[in-house]
>>> print(open('data-v4.pdb').read())   # PDB, C-alpha atoms and all ligand atoms
MODEL        1
ATOM      1  CA  MET A   1       9.742  88.402 -39.120
ATOM      2  CA  GLY A   2       9.915  87.172 -35.539
ATOM      3  CA  THR A   3      10.286  89.202 -32.411
ATOM      4  CA  ALA A   4      13.762  90.317 -31.475
ATOM      5  CA  SER A   5      14.806  89.639 -27.897
ATOM      6  CA  ARG A   6      17.624  89.769 -25.373
ATOM      7  CA  THR A   7      17.870  87.157 -22.647
ATOM      8  CA  LEU A   8      20.230  86.395 -19.772
ATOM      9  CA  ASP A   9      20.545  82.786 -18.620
ATOM     10  CA  HIS A  10      22.741  81.113 -16.034
ATOM     11  CA  LYS A  11      24.244  77.719 -16.724
ATOM     12  CA  HIS A  12      24.959  75.945 -13.457
ATOM     13  CA  ILE A  13      28.375  74.296 -13.267
ATOM     14  CA  THR A  14      28.936  72.982  -9.741
ATOM     15  CA  THR A  15      28.901  73.808  -6.040
ATOM     16  CA  MET A  16      32.110  74.744  -4.249
ATOM     17  CA  PRO A  17      33.197  73.609  -0.755
ATOM     18  CA  THR A  18      32.147  77.038   0.506
ATOM     19  CA  GLY A  19      28.604  76.219  -0.554
ATOM     20  CA  ALA A  20      28.742  78.788  -3.331
ATOM     21  CA  ASP A  21      27.161  77.715  -6.575
ATOM     22  CA  ILE A  22      29.102  78.572  -9.699
ATOM     23  CA  SER A  23      27.365  79.315 -12.976
ATOM     24  CA  LEU A  24      28.144  80.913 -16.304
ATOM     25  CA  ALA A  25      26.106  83.946 -17.389
ATOM     26  CA  ILE A  26      24.997  83.613 -21.025
ATOM     27  CA  HIS A  27      23.605  86.604 -22.925
ATOM     28  CA  THR A  28      21.579  85.770 -26.017
ATOM     29  CA  ILE A  29      20.514  88.385 -28.536
ATOM     30  CA  THR A  30      17.999  87.004 -31.007
ATOM     31  CA  GLY A  31      17.390  89.039 -34.129
ATOM     32  CA  SER A  32      14.053  89.496 -35.832
ATOM     33  CA  GLU A  33      15.159  87.450 -38.847
ATOM     34  CA  PRO A  34      16.867  84.066 -39.040
ATOM     35  CA  GLY A  35      20.587  83.841 -39.634
ATOM     36  CA  PRO A  36      23.806  82.396 -38.259
ATOM     37  CA  ARG A  37      24.572  81.734 -34.621
ATOM     38  CA  PHE A  38      27.619  83.805 -33.586
ATOM     39  CA  LEU A  39      29.317  82.964 -30.299
ATOM     40  CA  ILE A  40      31.734  85.086 -28.267
ATOM     41  CA  PHE A  41      33.605  84.233 -25.047
ATOM     42  CA  GLY A  42      35.515  86.528 -22.698
ATOM     43  CA  GLY A  43      37.520  85.868 -19.570
ATOM     44  CA  ILE A  44      38.779  82.376 -20.284
ATOM     45  CA  HIS A  45      41.893  83.801 -18.638
ATOM     46  CA  GLY A  46      40.960  85.565 -15.421
ATOM     47  CA  ASP A  47      43.651  88.250 -15.563
ATOM     48  CA  GLU A  48      42.356  89.585 -18.890
ATOM     49  CA  ALA A  49      39.712  92.019 -17.689
ATOM     50  CA  THR A  50      39.895  94.118 -20.860
ATOM     51  CA  ALA A  51      38.548  91.152 -22.806
ATOM     52  CA  VAL A  52      35.662  90.721 -20.365
ATOM     53  CA  GLU A  53      34.721  94.357 -20.814
ATOM     54  CA  ALA A  54      35.006  94.047 -24.610
ATOM     55  CA  VAL A  55      32.316  91.360 -24.562
ATOM     56  CA  ARG A  56      30.034  93.542 -22.423
ATOM     57  CA  ARG A  57      30.418  96.482 -24.799
ATOM     58  CA  ILE A  58      29.800  94.316 -27.864
ATOM     59  CA  VAL A  59      26.575  92.947 -26.373
ATOM     60  CA  GLU A  60      25.494  96.526 -25.587
ATOM     61  CA  ALA A  61      26.394  97.728 -29.093
ATOM     62  CA  VAL A  62      24.415  95.179 -31.090
ATOM     63  CA  ASP A  63      20.867  96.305 -31.955
ATOM     64  CA  GLU A  64      18.641  93.224 -31.863
ATOM     65  CA  ASN A  65      16.183  94.892 -34.249
ATOM     66  CA  GLU A  66      18.890  95.040 -36.920
ATOM     67  CA  LEU A  67      20.290  91.581 -36.236
ATOM     68  CA  LYS A  68      19.789  88.536 -38.441
ATOM     69  CA  GLY A  69      20.456  85.392 -36.460
ATOM     70  CA  THR A  70      21.663  85.076 -32.899
ATOM     71  CA  LEU A  71      24.581  86.486 -30.925
ATOM     72  CA  VAL A  72      25.482  84.441 -27.845
ATOM     73  CA  ALA A  73      27.986  85.851 -25.324
ATOM     74  CA  VAL A  74      29.676  84.432 -22.232
ATOM     75  CA  PRO A  75      31.513  87.434 -20.737
ATOM     76  CA  VAL A  76      33.269  85.662 -17.834
ATOM     77  CA  SER A  77      34.149  82.136 -18.903
ATOM     78  CA  ASN A  78      36.254  81.373 -15.817
ATOM     79  CA  PRO A  79      34.644  83.168 -12.852
ATOM     80  CA  TYR A  80      37.091  81.993 -10.174
ATOM     81  CA  ALA A  81      40.132  82.978 -12.236
ATOM     82  CA  TYR A  82      38.463  86.358 -12.752
ATOM     83  CA  GLU A  83      38.002  86.655  -9.004
ATOM     84  CA  SER A  84      41.671  85.941  -8.338
ATOM     85  CA  MET A  85      42.823  87.917 -11.420
ATOM     86  CA  THR A  86      44.934  84.969 -12.549
ATOM     87  CA  ARG A  87      45.496  83.229 -15.864
ATOM     88  CA  HIS A  88      45.057  79.811 -14.278
ATOM     89  CA  THR A  89      42.263  78.730 -11.956
ATOM     90  CA  MET A  90      43.658  78.800  -8.422
ATOM     91  CA  GLN A  91      41.371  75.979  -7.235
ATOM     92  CA  ASP A  92      42.915  73.310  -9.485
ATOM     93  CA  GLY A  93      45.895  75.048 -11.103
ATOM     94  CA  LEU A  94      44.612  74.568 -14.648
ATOM     95  CA  ASN A  95      44.728  76.836 -17.699
ATOM     96  CA  LEU A  96      41.166  76.667 -19.055
ATOM     97  CA  ASN A  97      42.330  77.312 -22.607
ATOM     98  CA  ARG A  98      44.518  74.210 -22.746
ATOM     99  CA  ILE A  99      42.091  71.562 -21.456
ATOM    100  CA  PHE A 100      39.134  71.669 -23.858
ATOM    101  CA  PRO A 101      36.919  69.663 -24.284
ATOM    102  CA  GLY A 102      37.154  69.332 -20.510
ATOM    103  CA  ASP A 103      35.363  66.778 -18.382
ATOM    104  CA  ALA A 104      31.896  67.159 -16.851
ATOM    105  CA  ALA A 105      33.017  64.764 -14.085
ATOM    106  CA  GLY A 106      36.353  66.492 -13.515
ATOM    107  CA  SER A 107      37.769  69.401 -11.529
ATOM    108  CA  LEU A 108      36.307  72.914 -11.571
ATOM    109  CA  THR A 109      38.191  74.065 -14.676
ATOM    110  CA  GLU A 110      37.510  70.781 -16.484
ATOM    111  CA  GLN A 111      33.792  71.189 -15.755
ATOM    112  CA  LEU A 112      33.882  74.774 -17.031
ATOM    113  CA  ALA A 113      35.450  73.615 -20.299
ATOM    114  CA  ALA A 114      32.834  70.881 -20.713
ATOM    115  CA  ALA A 115      30.048  73.435 -20.163
ATOM    116  CA  LEU A 116      31.613  75.859 -22.645
ATOM    117  CA  VAL A 117      31.796  73.072 -25.244
ATOM    118  CA  GLU A 118      28.045  72.555 -24.791
ATOM    119  CA  ILE A 119      27.534  76.277 -25.403
ATOM    120  CA  GLN A 120      29.672  76.022 -28.556
ATOM    121  CA  GLU A 121      27.375  73.373 -30.054
ATOM    122  CA  GLY A 122      25.439  74.785 -32.975
ATOM    123  CA  ALA A 123      27.537  77.936 -33.262
ATOM    124  CA  ASP A 124      28.482  78.938 -36.819
ATOM    125  CA  TYR A 125      31.181  81.468 -35.914
ATOM    126  CA  PHE A 126      33.285  82.036 -32.815
ATOM    127  CA  ILE A 127      35.514  84.761 -31.413
ATOM    128  CA  ASP A 128      37.404  84.198 -28.164
ATOM    129  CA  PHE A 129      38.356  87.510 -26.568
ATOM    130  CA  HIS A 130      41.654  87.715 -24.765
ATOM    131  CA  SER A 131      43.900  90.564 -23.755
ATOM    132  CA  SER A 132      47.233  90.770 -22.075
ATOM    133  CA  GLY A 133      47.349  90.331 -18.324
ATOM    134  CA  LEU A 134      47.770  92.766 -15.458
ATOM    135  CA  TYR A 135      51.205  94.078 -16.445
ATOM    136  CA  SER A 136      51.391  93.982 -20.207
ATOM    137  CA  THR A 137      49.594  95.167 -23.328
ATOM    138  CA  VAL A 138      49.060  93.315 -26.597
ATOM    139  CA  ASP A 139      47.758  94.038 -30.099
ATOM    140  CA  TYR A 140      47.080  91.265 -32.623
ATOM    141  CA  ALA A 141      44.610  88.575 -33.640
ATOM    142  CA  TYR A 142      45.003  85.015 -34.871
ATOM    143  CA  VAL A 143      44.160  84.124 -38.444
ATOM    144  CA  HIS A 144      43.324  80.479 -38.969
ATOM    145  CA  SER A 145      42.892  78.800 -42.335
ATOM    146  CA  GLY A 146      39.213  78.773 -43.222
ATOM    147  CA  ALA A 147      38.504  81.622 -40.802
ATOM    148  CA  GLU A 148      39.999  84.472 -42.814
ATOM    149  CA  ILE A 149      36.642  86.285 -42.973
ATOM    150  CA  LEU A 150      36.881  86.898 -39.223
ATOM    151  CA  ALA A 151      40.487  88.100 -39.092
ATOM    152  CA  ARG A 152      40.162  90.240 -42.215
ATOM    153  CA  ASN A 153      37.088  92.095 -41.061
ATOM    154  CA  TYR A 154      38.075  92.364 -37.395
ATOM    155  CA  GLY A 155      40.814  94.532 -38.814
ATOM    156  CA  THR A 156      43.882  94.367 -36.550
ATOM    157  CA  SER A 157      47.026  95.411 -38.391
ATOM    158  CA  LEU A 158      48.915  92.407 -37.018
ATOM    159  CA  LEU A 159      47.718  88.842 -37.519
ATOM    160  CA  TYR A 160      49.382  85.610 -36.481
ATOM    161  CA  HIS A 161      48.946  82.490 -38.592
ATOM    162  CA  HIS A 162      49.246  79.520 -36.314
ATOM    163  CA  ASP A 163      47.585  76.189 -35.660
ATOM    164  CA  PRO A 164      45.160  76.551 -32.755
ATOM    165  CA  TYR A 165      46.605  75.584 -29.404
ATOM    166  CA  SER A 166      45.779  72.033 -28.409
ATOM    167  CA  GLY A 167      42.937  72.060 -25.901
ATOM    168  CA  SER A 168      41.835  75.609 -26.721
ATOM    169  CA  SER A 169      38.296  76.809 -27.280
ATOM    170  CA  ALA A 170      39.240  77.889 -30.811
ATOM    171  CA  GLU A 171      40.532  74.392 -31.603
ATOM    172  CA  MET A 172      37.112  72.962 -30.679
ATOM    173  CA  MET A 173      35.367  75.138 -33.247
ATOM    174  CA  LEU A 174      38.015  74.869 -35.979
ATOM    175  CA  SER A 175      38.115  71.073 -35.693
ATOM    176  CA  ALA A 176      34.349  71.113 -36.220
ATOM    177  CA  GLY A 177      34.927  73.083 -39.433
ATOM    178  CA  LYS A 178      33.615  76.362 -38.035
ATOM    179  CA  PRO A 179      35.453  79.686 -38.433
ATOM    180  CA  ALA A 180      37.055  80.786 -35.164
ATOM    181  CA  MET A 181      39.316  83.662 -34.196
ATOM    182  CA  VAL A 182      41.183  84.720 -31.080
ATOM    183  CA  SER A 183      41.429  88.451 -30.374
ATOM    184  CA  GLU A 184      44.375  89.655 -28.304
ATOM    185  CA  LEU A 185      43.829  93.349 -27.583
ATOM    186  CA  GLY A 186      44.786  95.564 -24.663
ATOM    187  CA  GLY A 187      45.619  94.710 -21.078
ATOM    188  CA  GLY A 188      47.798  96.265 -18.416
ATOM    189  CA  GLY A 189      45.368  99.133 -18.016
ATOM    190  CA  GLN A 190      46.951 100.896 -20.999
ATOM    191  CA  LEU A 191      45.097 102.675 -23.843
ATOM    192  CA  THR A 192      42.028 100.755 -22.714
ATOM    193  CA  THR A 193      39.456 102.976 -24.412
ATOM    194  CA  ASP A 194      41.206 102.582 -27.755
ATOM    195  CA  PHE A 195      41.424  98.809 -27.469
ATOM    196  CA  LEU A 196      37.782  98.466 -26.391
ATOM    197  CA  ASP A 197      36.606 100.739 -29.203
ATOM    198  CA  ARG A 198      38.519  98.593 -31.685
ATOM    199  CA  SER A 199      37.104  95.367 -30.205
ATOM    200  CA  VAL A 200      33.555  96.662 -30.652
ATOM    201  CA  ALA A 201      34.064  98.208 -34.098
ATOM    202  CA  GLY A 202      35.911  95.128 -35.331
ATOM    203  CA  THR A 203      33.213  92.741 -34.147
ATOM    204  CA  LEU A 204      30.396  94.832 -35.629
ATOM    205  CA  ASN A 205      32.344  94.838 -38.898
ATOM    206  CA  VAL A 206      32.635  91.040 -38.771
ATOM    207  CA  LEU A 207      28.883  90.784 -38.138
ATOM    208  CA  ARG A 208      28.305  92.889 -41.282
ATOM    209  CA  ALA A 209      30.690  90.689 -43.261
ATOM    210  CA  VAL A 210      28.805  87.505 -42.345
ATOM    211  CA  GLY A 211      25.456  89.124 -43.142
ATOM    212  CA  MET A 212      24.160  89.424 -39.573
ATOM    213  CA  LEU A 213      24.100  93.230 -39.493
ATOM    214  CA  PRO A 214      23.066  95.508 -42.367
ATOM    215  CA  GLY A 215      25.527  97.489 -44.444
ATOM    216  CA  ASP A 216      28.806  96.699 -46.127
ATOM    217  CA  PRO A 217      31.836  95.969 -43.980
ATOM    218  CA  VAL A 218      34.598  98.535 -44.177
ATOM    219  CA  ASP A 219      37.721  97.368 -45.971
ATOM    220  CA  PRO A 220      40.430  96.048 -43.659
ATOM    221  CA  PRO A 221      43.659  97.989 -43.291
ATOM    222  CA  GLU A 222      46.869  96.582 -44.673
ATOM    223  CA  GLN A 223      47.472  93.544 -42.504
ATOM    224  CA  LYS A 224      50.769  91.848 -41.732
ATOM    225  CA  VAL A 225      50.407  88.106 -41.204
ATOM    226  CA  MET A 226      53.199  86.942 -38.904
ATOM    227  CA  THR A 227      54.224  83.302 -39.122
ATOM    228  CA  LYS A 228      56.901  83.568 -36.442
ATOM    229  CA  LEU A 229      55.953  85.007 -33.058
ATOM    230  CA  VAL A 230      57.911  84.395 -29.875
ATOM    231  CA  THR A 231      57.572  85.328 -26.210
ATOM    232  CA  LEU A 232      60.575  86.790 -24.428
ATOM    233  CA  ARG A 233      60.282  85.441 -20.899
ATOM    234  CA  PRO A 234      62.468  86.628 -18.050
ATOM    235  CA  THR A 235      64.200  83.669 -16.415
ATOM    236  CA  THR A 236      64.472  85.546 -13.143
ATOM    237  CA  GLY A 237      61.910  87.398 -11.073
ATOM    238  CA  GLY A 238      62.090  91.033 -10.103
ATOM    239  CA  ALA A 239      61.184  94.203 -11.917
ATOM    240  CA  VAL A 240      61.094  94.775 -15.657
ATOM    241  CA  ILE A 241      62.303  98.238 -16.601
ATOM    242  CA  SER A 242      60.844  98.647 -20.077
ATOM    243  CA  ASP A 243      61.877 101.044 -22.810
ATOM    244  CA  TYR A 244      59.072  99.852 -25.106
ATOM    245  CA  GLY A 245      55.578 100.598 -23.825
ATOM    246  CA  PRO A 246      52.197 100.223 -25.554
ATOM    247  CA  GLU A 247      52.764 103.249 -27.815
ATOM    248  CA  THR A 248      55.389 101.129 -29.642
ATOM    249  CA  LEU A 249      53.031  98.226 -30.477
ATOM    250  CA  GLY A 250      53.286  97.285 -34.140
ATOM    251  CA  THR A 251      56.572  99.096 -34.712
ATOM    252  CA  VAL A 252      59.684  97.380 -36.049
ATOM    253  CA  VAL A 253      63.050  97.608 -34.280
ATOM    254  CA  PRO A 254      66.470  96.232 -35.301
ATOM    255  CA  GLY A 255      67.723  92.932 -33.937
ATOM    256  CA  GLY A 256      69.704  93.376 -30.721
ATOM    257  CA  THR A 257      67.611  96.281 -29.465
ATOM    258  CA  VAL A 258      67.225  96.045 -25.691
ATOM    259  CA  LEU A 259      63.464  96.178 -25.034
ATOM    260  CA  GLY A 260      63.739  95.949 -21.280
ATOM    261  CA  ARG A 261      65.931  94.902 -18.404
ATOM    262  CA  VAL A 262      65.090  92.666 -15.475
ATOM    263  CA  VAL A 263      66.355  94.347 -12.315
ATOM    264  CA  ASN A 264      66.632  92.769  -8.872
ATOM    265  CA  PRO A 265      64.629  95.254  -6.787
ATOM    266  CA  HIS A 266      66.528  94.266  -3.618
ATOM    267  CA  THR A 267      70.110  94.617  -4.848
ATOM    268  CA  PHE A 268      69.451  96.783  -7.966
ATOM    269  CA  GLU A 269      71.510  94.316 -10.021
ATOM    270  CA  VAL A 270      70.565  93.986 -13.687
ATOM    271  CA  MET A 271      69.716  90.294 -13.947
ATOM    272  CA  GLU A 272      69.095  90.038 -17.692
ATOM    273  CA  GLU A 273      68.188  91.970 -20.790
ATOM    274  CA  LEU A 274      65.203  91.201 -22.991
ATOM    275  CA  VAL A 275      66.515  91.678 -26.517
ATOM    276  CA  ALA A 276      64.860  91.882 -29.942
ATOM    277  CA  PRO A 277      65.777  88.531 -31.551
ATOM    278  CA  PHE A 278      64.996  89.092 -35.230
ATOM    279  CA  ASP A 279      66.797  91.328 -37.754
ATOM    280  CA  GLU A 280      63.496  93.182 -38.060
ATOM    281  CA  THR A 281      61.552  92.634 -34.851
ATOM    282  CA  ILE A 282      57.867  93.580 -34.610
ATOM    283  CA  ILE A 283      56.698  94.676 -31.169
ATOM    284  CA  VAL A 284      53.513  92.673 -30.377
ATOM    285  CA  LEU A 285      53.262  92.685 -26.559
ATOM    286  CA  THR A 286      54.845  95.294 -24.329
ATOM    287  CA  ARG A 287      55.347  96.153 -20.706
ATOM    288  CA  GLU A 288      54.806  99.490 -19.059
ATOM    289  CA  GLN A 289      57.843 101.381 -17.770
ATOM    290  CA  TYR A 290      58.058  99.532 -14.462
ATOM    291  CA  THR A 291      56.330  96.220 -13.727
ATOM    292  CA  ARG A 292      56.920  93.224 -11.510
ATOM    293  CA  CYS A 293      57.806  89.882 -13.110
ATOM    294  CA  ALA A 294      58.139  86.283 -11.976
ATOM    295  CA  PRO A 295      60.390  83.726 -13.712
ATOM    296  CA  GLY A 296      58.737  82.617 -16.955
ATOM    297  CA  ASP A 297      56.218  85.467 -17.145
ATOM    298  CA  TYR A 298      55.339  87.145 -20.393
ATOM    299  CA  GLY A 299      58.046  89.763 -20.843
ATOM    300  CA  PHE A 300      57.542  90.892 -24.413
ATOM    301  CA  MET A 301      56.093  89.193 -27.482
ATOM    302  CA  VAL A 302      57.776  89.874 -30.782
ATOM    303  CA  GLY A 303      57.196  88.848 -34.367
ATOM    304  CA  ASP A 304      59.679  88.306 -37.172
ATOM    305  CA  ASN A 305      59.052  90.923 -39.835
ATOM    306  CA  GLY A 306      60.993  88.682 -42.208
ATOM    307  CA  SER A 307      58.315  85.996 -41.779
ATOM    308  CA  VAL A 308      55.446  88.297 -42.678
ATOM    309  CA  THR A 309      53.082  87.284 -45.455
ATOM    310  CA  SER A 310      49.609  88.361 -46.573
ATOM    311  CA  VAL A 311      46.208  86.893 -45.772
ATOM    312  CA  ASP A 312      45.830  85.850 -49.400
ATOM    313  CA  ALA A 313      49.034  83.783 -49.179
ATOM    314  CA  ILE A 314      48.114  81.599 -46.221
TER     315      ILE A 314
HETATM  316 ZN    ZN B   1      44.334  84.813 -22.687
ENDMDL
END
>>> encode(input="data-v4.pdb", output="structure tokens")
Amino acid sequence: MGTASRTLDHKHITTMPTGADISLAIHTITGSEPGPRFLIFGGIHGDEATAVEAVRRIVEAVDENELKGTLVAVPVSNPYAYESMTRHTMQDGLNLNRIFPGDAAGSLTEQLAAALVEIQEGADYFIDFHSSGLYSTVDYAYVHSGAEILARNYGTSLLYHHDPYSGSSAEMMLSAGKPAMVSELGGGGQLTTDFLDRSVAGTLNVLRAVGMLPGDPVDPPEQKVMTKLVTLRPTTGGAVISDYGPETLGTVVPGGTVLGRVVNPHTFEVMEELVAPFDETIIVLTREQYTRCAPGDYGFMVGDNGSVTSVDAI
């Protein structure tokens, strides 16, 4: 038995024109016994503060004296996007989760990706924590082939089976043959306590399942694996008047149901309706009653209940 420890390190990335140095904070919890190396990231998208807080609570919740192996956490993977509360990095316009493995000689976001890839080296498991942005709320996780142990034990009722996005952090791990999962929980300031509690409980359950924490994992709930998931994006800017808020997440509505309307806040004209596209449409991402939208924003995300399968079938 070794000595359990918790450390905080800063990985320097670059210096900005302001003179400010930018670094990534890395929390490392080392258990008293050897075991796997489990890596978690938060805040790859800067407008997903719920995911950043999930990572903080997970690090607080893990008892190093019970841990076998090492938990490594980067809570804010894109500090400038977090500062500006934007999905993309304002300094170079890039989406960090589409440009992995990055470039250590490139722009700010490219350098961040390259540094995060270095942190991924040697990791046995990986969860990337996301949430919805400032104006919407989401509830699902990705299930990738070979990574079922993560999605099963994390325990969201909705899973999405999909190839990892090209240039994503999850793709880096999966292409190296390591189980990786993306969590998409919360956002929009809605039901935040519930989503954070589920992020922590789900991760602790995964750590039990992979043998890093003592005790048996609890059995997952019945899980729907969606194979068809689409984003309903308003083509015009204005206000979204939503009839389907976060309390409707996971419910099924008939095709043709109007989920929300885009209203021109200047003229009050209804510009377009956001309509359930599938005969049985699962509500996966919602908007609060009144929110602002720009053309192409996330309006709603919906799954096809007719495409649903089980984890065992993928
Ligand atoms: Zn995200």
>>> atom_distance(input="data-v4.pdb", atom1="atom CA of A:Ser169", atom2="atom CA of A:Ser132")
17.4 Å
>>> residues_near_ligand(input="data-v4.pdb", ligand="ligand ZN 1 (chain B)", cutoff="7 Å", atoms="all atoms listed in the file", output="PyMOL selection string")
chain A and resi 44-45+48+130-132
>>> axis_aligned_box(input="data-v4.pdb", around="stretch 136-150 of chain A", padding_each_side="6 Å", output="JSON")
{"center_x": 44.0, "center_y": 87.0, "center_z": -31.7, "size_x": 26.7, "size_y": 28.4, "size_z": 35.0}
>>> atom_distance(input="data-v4.pdb", atom1="atom CA of A:Thr50", atom2="atom CA of A:Cys293")
20.0 Å
>>> atom_distance(input="data-v4.pdb", atom1="atom CA of A:Gly167", atom2="atom CA of A:Ile99")
4.6 Å
>>> resolve_selection(input="data-v4.pdb", expression="the PyMOL selection byres (((chain A and resi 310) around 9) and not hetatm)", output="PyMOL selection string")
chain A and resi 222-226+308-309+311-314
>>> closest_residue(input="data-v4.pdb", among="A:Val76, A:Ala81, A:Ala114, A:Gly43", to="A:Thr14", atoms="all atoms listed in the file")
A:Ala114
>>> resolve_selection(input="data-v4.pdb", expression="the PyMOL selection byres (((chain A and resi 85-95) around 10) and not hetatm)", output="count of residues only")
29
